[in-house]
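Shown next: target.cif, given as mmCIF, N, CA and C atoms.
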data_upload
#
loop_
_atom_site.label_atom_id
_atom_site.label_comp_id
_atom_site.auth_asym_id
_atom_site.auth_seq_id
_atom_site.Cartn_x
_atom_site.Cartn_y
_atom_site.Cartn_z
N MET A 253 -18.40 -62.35 -24.72
CA MET A 253 -17.20 -62.34 -23.93
C MET A 253 -16.49 -60.99 -24.08
N LYS A 254 -16.44 -60.47 -25.32
CA LYS A 254 -15.80 -59.18 -25.54
C LYS A 254 -16.56 -58.07 -24.82
N ILE A 255 -17.89 -58.17 -24.82
CA ILE A 255 -18.70 -57.16 -24.15
C ILE A 255 -18.44 -57.19 -22.66
N LEU A 256 -18.33 -58.37 -22.09
CA LEU A 256 -18.08 -58.52 -20.67
C LEU A 256 -16.69 -57.97 -20.31
N LEU A 257 -15.71 -58.26 -21.14
CA LEU A 257 -14.34 -57.80 -20.90
C LEU A 257 -14.26 -56.27 -21.02
N SER A 258 -14.90 -55.69 -22.02
CA SER A 258 -14.87 -54.24 -22.17
C SER A 258 -15.67 -53.55 -21.05
N SER A 259 -16.74 -54.14 -20.58
CA SER A 259 -17.51 -53.59 -19.46
C SER A 259 -16.67 -53.59 -18.19
N PHE A 260 -15.97 -54.69 -17.96
CA PHE A 260 -15.11 -54.79 -16.78
C PHE A 260 -14.00 -53.75 -16.84
N PHE A 261 -13.44 -53.54 -18.03
CA PHE A 261 -12.37 -52.56 -18.22
C PHE A 261 -12.89 -51.15 -17.94
N CYS A 262 -14.08 -50.83 -18.42
CA CYS A 262 -14.67 -49.50 -18.19
C CYS A 262 -14.96 -49.27 -16.71
N VAL A 263 -15.49 -50.28 -16.05
CA VAL A 263 -15.79 -50.15 -14.62
C VAL A 263 -14.51 -49.96 -13.83
N SER A 264 -13.46 -50.71 -14.17
CA SER A 264 -12.20 -50.57 -13.44
C SER A 264 -11.58 -49.20 -13.67
N LEU A 265 -11.72 -48.63 -14.89
CA LEU A 265 -11.23 -47.28 -15.14
C LEU A 265 -11.98 -46.24 -14.32
N LEU A 266 -13.29 -46.39 -14.24
CA LEU A 266 -14.09 -45.45 -13.47
C LEU A 266 -13.73 -45.50 -11.99
N VAL A 267 -13.55 -46.71 -11.46
CA VAL A 267 -13.23 -46.86 -10.04
C VAL A 267 -11.84 -46.29 -9.76
N SER A 268 -10.87 -46.61 -10.60
CA SER A 268 -9.51 -46.10 -10.37
C SER A 268 -9.44 -44.59 -10.59
N GLY A 269 -10.21 -44.07 -11.55
CA GLY A 269 -10.21 -42.63 -11.80
C GLY A 269 -10.81 -41.85 -10.64
N SER A 270 -11.89 -42.37 -10.06
CA SER A 270 -12.49 -41.65 -8.92
C SER A 270 -11.59 -41.74 -7.71
N ALA A 271 -10.87 -42.82 -7.53
CA ALA A 271 -9.93 -42.94 -6.41
C ALA A 271 -8.78 -41.96 -6.59
N MET A 272 -8.32 -41.82 -7.81
CA MET A 272 -7.23 -40.88 -8.07
C MET A 272 -7.70 -39.44 -7.87
N ALA A 273 -8.93 -39.15 -8.24
CA ALA A 273 -9.46 -37.80 -8.08
C ALA A 273 -9.58 -37.45 -6.60
N GLN A 274 -10.01 -38.41 -5.80
CA GLN A 274 -10.13 -38.16 -4.37
C GLN A 274 -8.75 -37.93 -3.76
N ASN A 275 -7.76 -38.69 -4.15
CA ASN A 275 -6.41 -38.50 -3.63
C ASN A 275 -5.84 -37.17 -4.10
N GLY A 276 -6.15 -36.79 -5.35
CA GLY A 276 -5.66 -35.53 -5.87
C GLY A 276 -6.26 -34.35 -5.12
N GLU A 277 -7.55 -34.40 -4.85
CA GLU A 277 -8.20 -33.32 -4.11
C GLU A 277 -7.64 -33.23 -2.71
N ASN A 278 -7.44 -34.38 -2.10
CA ASN A 278 -6.89 -34.39 -0.75
C ASN A 278 -5.48 -33.81 -0.76
N GLY A 279 -4.73 -34.07 -1.81
CA GLY A 279 -3.39 -33.52 -1.93
C GLY A 279 -3.43 -32.00 -2.04
N HIS A 280 -4.39 -31.46 -2.79
CA HIS A 280 -4.54 -30.00 -2.92
C HIS A 280 -4.91 -29.38 -1.57
N VAL A 281 -5.80 -30.05 -0.85
CA VAL A 281 -6.21 -29.53 0.45
C VAL A 281 -5.01 -29.50 1.39
N GLN A 282 -4.23 -30.57 1.37
CA GLN A 282 -3.06 -30.62 2.23
C GLN A 282 -2.04 -29.56 1.82
N ALA A 283 -1.87 -29.36 0.53
CA ALA A 283 -0.93 -28.34 0.06
C ALA A 283 -1.40 -26.94 0.46
N ASN A 284 -2.70 -26.69 0.33
CA ASN A 284 -3.23 -25.38 0.73
C ASN A 284 -3.07 -25.15 2.23
N ALA A 285 -3.33 -26.20 3.01
CA ALA A 285 -3.19 -26.06 4.46
C ALA A 285 -1.72 -25.80 4.83
N ALA A 286 -0.80 -26.46 4.14
CA ALA A 286 0.62 -26.23 4.41
C ALA A 286 1.01 -24.81 4.05
N THR A 287 0.47 -24.30 2.96
CA THR A 287 0.76 -22.93 2.56
C THR A 287 0.23 -21.95 3.61
N ILE A 288 -0.98 -22.19 4.08
CA ILE A 288 -1.56 -21.30 5.09
C ILE A 288 -0.74 -21.34 6.37
N ARG A 289 -0.35 -22.53 6.80
CA ARG A 289 0.48 -22.64 8.00
C ARG A 289 1.80 -21.93 7.81
N GLY A 290 2.37 -22.06 6.62
CA GLY A 290 3.64 -21.41 6.34
C GLY A 290 3.52 -19.91 6.36
N GLU A 291 2.41 -19.39 5.84
CA GLU A 291 2.20 -17.95 5.83
C GLU A 291 1.95 -17.42 7.23
N GLN A 292 1.36 -18.25 8.10
CA GLN A 292 1.12 -17.81 9.46
C GLN A 292 2.42 -17.75 10.26
N ASP A 293 3.41 -18.55 9.87
CA ASP A 293 4.67 -18.58 10.59
C ASP A 293 5.59 -17.42 10.21
N VAL A 294 5.29 -16.76 9.12
CA VAL A 294 6.14 -15.67 8.65
C VAL A 294 5.75 -14.39 9.39
N PRO A 295 6.71 -13.75 10.06
CA PRO A 295 6.37 -12.51 10.76
C PRO A 295 6.11 -11.39 9.77
N PRO A 296 5.30 -10.40 10.15
CA PRO A 296 5.03 -9.29 9.24
C PRO A 296 6.29 -8.48 9.01
N PRO A 297 6.42 -7.86 7.84
CA PRO A 297 7.62 -7.09 7.56
C PRO A 297 7.72 -5.88 8.48
N VAL A 298 8.94 -5.60 8.87
CA VAL A 298 9.18 -4.47 9.76
C VAL A 298 9.57 -3.29 8.89
N SER A 299 8.81 -2.22 9.00
CA SER A 299 9.12 -1.02 8.21
C SER A 299 9.95 -0.08 9.08
N PRO A 300 11.13 0.24 8.62
CA PRO A 300 11.96 1.14 9.41
C PRO A 300 11.39 2.54 9.38
N GLN A 301 11.14 3.08 10.53
CA GLN A 301 10.58 4.43 10.60
C GLN A 301 11.72 5.41 10.79
N ALA A 302 11.72 6.42 9.95
CA ALA A 302 12.75 7.44 10.04
C ALA A 302 12.49 8.28 11.29
N LYS A 303 13.57 8.62 11.95
CA LYS A 303 13.43 9.47 13.13
C LYS A 303 13.06 10.88 12.68
N VAL A 304 12.12 11.44 13.38
CA VAL A 304 11.66 12.78 13.06
C VAL A 304 12.57 13.77 13.77
N ASP A 305 13.15 14.68 13.00
CA ASP A 305 14.01 15.71 13.55
C ASP A 305 13.11 16.85 14.03
N ARG A 306 12.92 16.92 15.32
CA ARG A 306 11.98 17.91 15.88
C ARG A 306 12.46 19.34 15.65
N ALA A 307 13.77 19.55 15.67
CA ALA A 307 14.29 20.90 15.43
C ALA A 307 14.00 21.33 13.99
N GLN A 308 14.16 20.40 13.05
CA GLN A 308 13.86 20.70 11.65
C GLN A 308 12.37 20.98 11.47
N LEU A 309 11.53 20.20 12.14
CA LEU A 309 10.08 20.44 12.06
C LEU A 309 9.74 21.83 12.58
N GLN A 310 10.37 22.24 13.66
CA GLN A 310 10.10 23.56 14.23
C GLN A 310 10.54 24.67 13.28
N ARG A 311 11.71 24.50 12.65
CA ARG A 311 12.18 25.50 11.68
C ARG A 311 11.22 25.62 10.50
N GLU A 312 10.74 24.47 10.01
CA GLU A 312 9.81 24.49 8.88
C GLU A 312 8.47 25.11 9.28
N ALA A 313 8.02 24.85 10.50
CA ALA A 313 6.78 25.44 10.97
C ALA A 313 6.93 26.96 11.11
N ASP A 314 8.08 27.39 11.59
CA ASP A 314 8.33 28.84 11.70
C ASP A 314 8.36 29.50 10.33
N GLU A 315 9.01 28.82 9.37
CA GLU A 315 9.06 29.36 8.01
C GLU A 315 7.66 29.44 7.41
N LEU A 316 6.87 28.43 7.67
CA LEU A 316 5.50 28.40 7.18
C LEU A 316 4.69 29.57 7.76
N THR A 317 4.90 29.83 9.03
CA THR A 317 4.20 30.96 9.67
C THR A 317 4.59 32.29 9.03
N LEU A 318 5.89 32.48 8.83
CA LEU A 318 6.36 33.73 8.23
C LEU A 318 5.85 33.90 6.80
N LEU A 319 5.86 32.82 6.04
CA LEU A 319 5.35 32.89 4.67
C LEU A 319 3.86 33.23 4.65
N ALA A 320 3.10 32.60 5.54
CA ALA A 320 1.66 32.87 5.58
C ALA A 320 1.39 34.32 5.93
N GLN A 321 2.18 34.88 6.85
CA GLN A 321 2.01 36.29 7.21
C GLN A 321 2.36 37.20 6.04
N SER A 322 3.41 36.84 5.29
CA SER A 322 3.80 37.69 4.17
C SER A 322 2.79 37.60 3.02
N VAL A 323 2.14 36.46 2.88
CA VAL A 323 1.12 36.32 1.84
C VAL A 323 -0.06 37.23 2.14
N ARG A 324 -0.34 37.42 3.40
CA ARG A 324 -1.45 38.31 3.78
C ARG A 324 -1.20 39.74 3.28
N SER A 325 0.02 40.22 3.47
CA SER A 325 0.32 41.58 2.98
C SER A 325 0.37 41.62 1.45
N ASP A 326 0.82 40.52 0.83
CA ASP A 326 0.82 40.46 -0.64
C ASP A 326 -0.60 40.49 -1.18
N MET A 327 -1.53 39.85 -0.49
CA MET A 327 -2.92 39.85 -0.94
C MET A 327 -3.54 41.25 -0.83
N GLN A 328 -3.07 42.02 0.13
CA GLN A 328 -3.55 43.40 0.23
C GLN A 328 -3.08 44.21 -0.98
N GLN A 329 -1.87 43.91 -1.46
CA GLN A 329 -1.38 44.58 -2.67
C GLN A 329 -2.17 44.15 -3.90
N VAL A 330 -2.53 42.86 -3.95
CA VAL A 330 -3.32 42.36 -5.07
C VAL A 330 -4.67 43.08 -5.10
N ALA A 331 -5.24 43.34 -3.94
CA ALA A 331 -6.51 44.05 -3.88
C ALA A 331 -6.39 45.46 -4.44
N LYS A 332 -5.19 46.00 -4.37
CA LYS A 332 -4.95 47.34 -4.91
C LYS A 332 -4.61 47.31 -6.40
N GLY A 333 -4.50 46.09 -6.95
CA GLY A 333 -4.21 45.97 -8.37
C GLY A 333 -2.75 45.69 -8.68
N VAL A 334 -1.93 45.49 -7.67
CA VAL A 334 -0.50 45.21 -7.87
C VAL A 334 -0.26 43.73 -7.54
N PHE A 335 0.31 42.99 -8.49
CA PHE A 335 0.56 41.57 -8.27
C PHE A 335 2.04 41.37 -7.96
N PRO A 336 2.39 41.04 -6.71
CA PRO A 336 3.80 40.79 -6.37
C PRO A 336 4.32 39.55 -7.10
N HIS A 337 5.50 39.67 -7.69
CA HIS A 337 6.03 38.56 -8.50
C HIS A 337 6.44 37.36 -7.65
N GLU A 338 6.70 37.54 -6.38
CA GLU A 338 7.11 36.43 -5.51
C GLU A 338 5.93 35.68 -4.89
N LEU A 339 4.73 36.16 -5.09
CA LEU A 339 3.56 35.55 -4.45
C LEU A 339 3.38 34.10 -4.86
N ASN A 340 3.52 33.82 -6.14
CA ASN A 340 3.34 32.44 -6.61
C ASN A 340 4.39 31.52 -6.00
N GLN A 341 5.64 31.98 -5.91
CA GLN A 341 6.70 31.18 -5.30
C GLN A 341 6.43 30.94 -3.82
N LYS A 342 5.94 31.95 -3.13
CA LYS A 342 5.62 31.80 -1.71
C LYS A 342 4.51 30.76 -1.51
N LEU A 343 3.50 30.82 -2.36
CA LEU A 343 2.40 29.87 -2.23
C LEU A 343 2.85 28.44 -2.49
N LYS A 344 3.73 28.26 -3.47
CA LYS A 344 4.27 26.92 -3.74
C LYS A 344 5.10 26.43 -2.56
N ARG A 345 5.87 27.32 -1.96
CA ARG A 345 6.70 26.95 -0.81
C ARG A 345 5.81 26.59 0.38
N ILE A 346 4.74 27.33 0.58
CA ILE A 346 3.79 27.01 1.65
C ILE A 346 3.21 25.62 1.45
N GLU A 347 2.84 25.32 0.22
CA GLU A 347 2.27 24.00 -0.08
C GLU A 347 3.29 22.90 0.19
N LYS A 348 4.52 23.10 -0.24
CA LYS A 348 5.57 22.11 -0.04
C LYS A 348 5.85 21.88 1.45
N LEU A 349 5.94 22.97 2.20
CA LEU A 349 6.20 22.84 3.64
C LEU A 349 5.05 22.14 4.36
N SER A 350 3.84 22.48 3.99
CA SER A 350 2.70 21.86 4.66
C SER A 350 2.62 20.36 4.36
N LYS A 351 2.91 19.98 3.12
CA LYS A 351 2.92 18.55 2.78
C LYS A 351 4.00 17.82 3.56
N ARG A 352 5.17 18.41 3.67
CA ARG A 352 6.27 17.78 4.39
C ARG A 352 5.94 17.65 5.87
N LEU A 353 5.37 18.68 6.46
CA LEU A 353 5.01 18.63 7.87
C LEU A 353 3.94 17.57 8.13
N ARG A 354 2.95 17.50 7.25
CA ARG A 354 1.91 16.47 7.41
C ARG A 354 2.50 15.08 7.32
N ALA A 355 3.40 14.87 6.38
CA ALA A 355 4.01 13.54 6.21
C ALA A 355 4.87 13.18 7.42
N ASP A 356 5.65 14.13 7.91
CA ASP A 356 6.51 13.85 9.06
C ASP A 356 5.72 13.62 10.33
N LEU A 357 4.66 14.36 10.51
CA LEU A 357 3.84 14.19 11.72
C LEU A 357 2.96 12.96 11.65
N GLY A 358 2.70 12.45 10.45
CA GLY A 358 1.87 11.27 10.27
C GLY A 358 2.58 9.97 10.59
N GLN A 359 3.89 10.02 10.78
CA GLN A 359 4.66 8.79 11.04
C GLN A 359 4.42 8.26 12.40
#
Would it be possible to restate this file's structure as C-alpha cells?
Amino acid sequence: MKILLSSFFCVSLLVSGSAMAQNGENGHVQANAATIRGEQDVPPPVSPQAKVDRAQLQREADELTLLAQSVRSDMQQVAKGVFPHELNQKLKRIEKLSKRLRADLGQ
C-alpha cells in the first residue's frame, strides 16, 4: 500500500511539474513577444544635426589653402638646411582644419 501511494505521489509530481514547465515556457515566449512588439513601437532616436555654417567652412578652407602654400615655401628652406620654427605649428593647424572640415562636411 505504501509503495502504491508513493508511486502515485511521484507520478502526480511528474505530471504537475511538466504542466508547470510548459506554462512557464509559454509565459517566457509571450513575454519575449511582448518585448519585441514594444521595441517595434518605439521610434528611433532623433539625432539633432548641427547646422553647418557655410561661411565658416569657406574661411577655414581659405586658411587651409594659405597654410598649404606657405608650407611649400618653408619646405624649400628646409631643403637648404634652414628649419623654420613655425613649420610645426602650421602643420598642426593644417591637420586640425582638415579634420574639422571633414567632420562638418560628413554631416
Distance of atom N of Lys348 of chain A from atom N of Pro336 of chain A, expressed in Å to one decimal place
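So the two atoms, atom N of Pro336 of chain A and atom N of Lys348 of chain A, lie 19.2 Å apart.
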Provide the atom CA of Glu315 of chain A to atom CA of Lys332 of chain A distance in Å, to one decimal place.
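Straight-line distance from atom CA of Glu315 of chain A to atom CA of Lys332 of chain A works out to 26.2 Å.
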Would you work out the distance separating atom N of Glu338 of chain A from atom CA of Leu316 of chain A, expressed in Å to one decimal?
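Straight-line distance from atom N of Glu338 of chain A to atom CA of Leu316 of chain A works out to 16.4 Å.
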Could you give me, as a ChimeraX atom specification, the residues within 12 Å of Gln321 of chain A, counting only C-alpha atoms and dropping anything in the same chain fewer than 4 positions from it?
/A:314-317,325-328,339,342-343,346
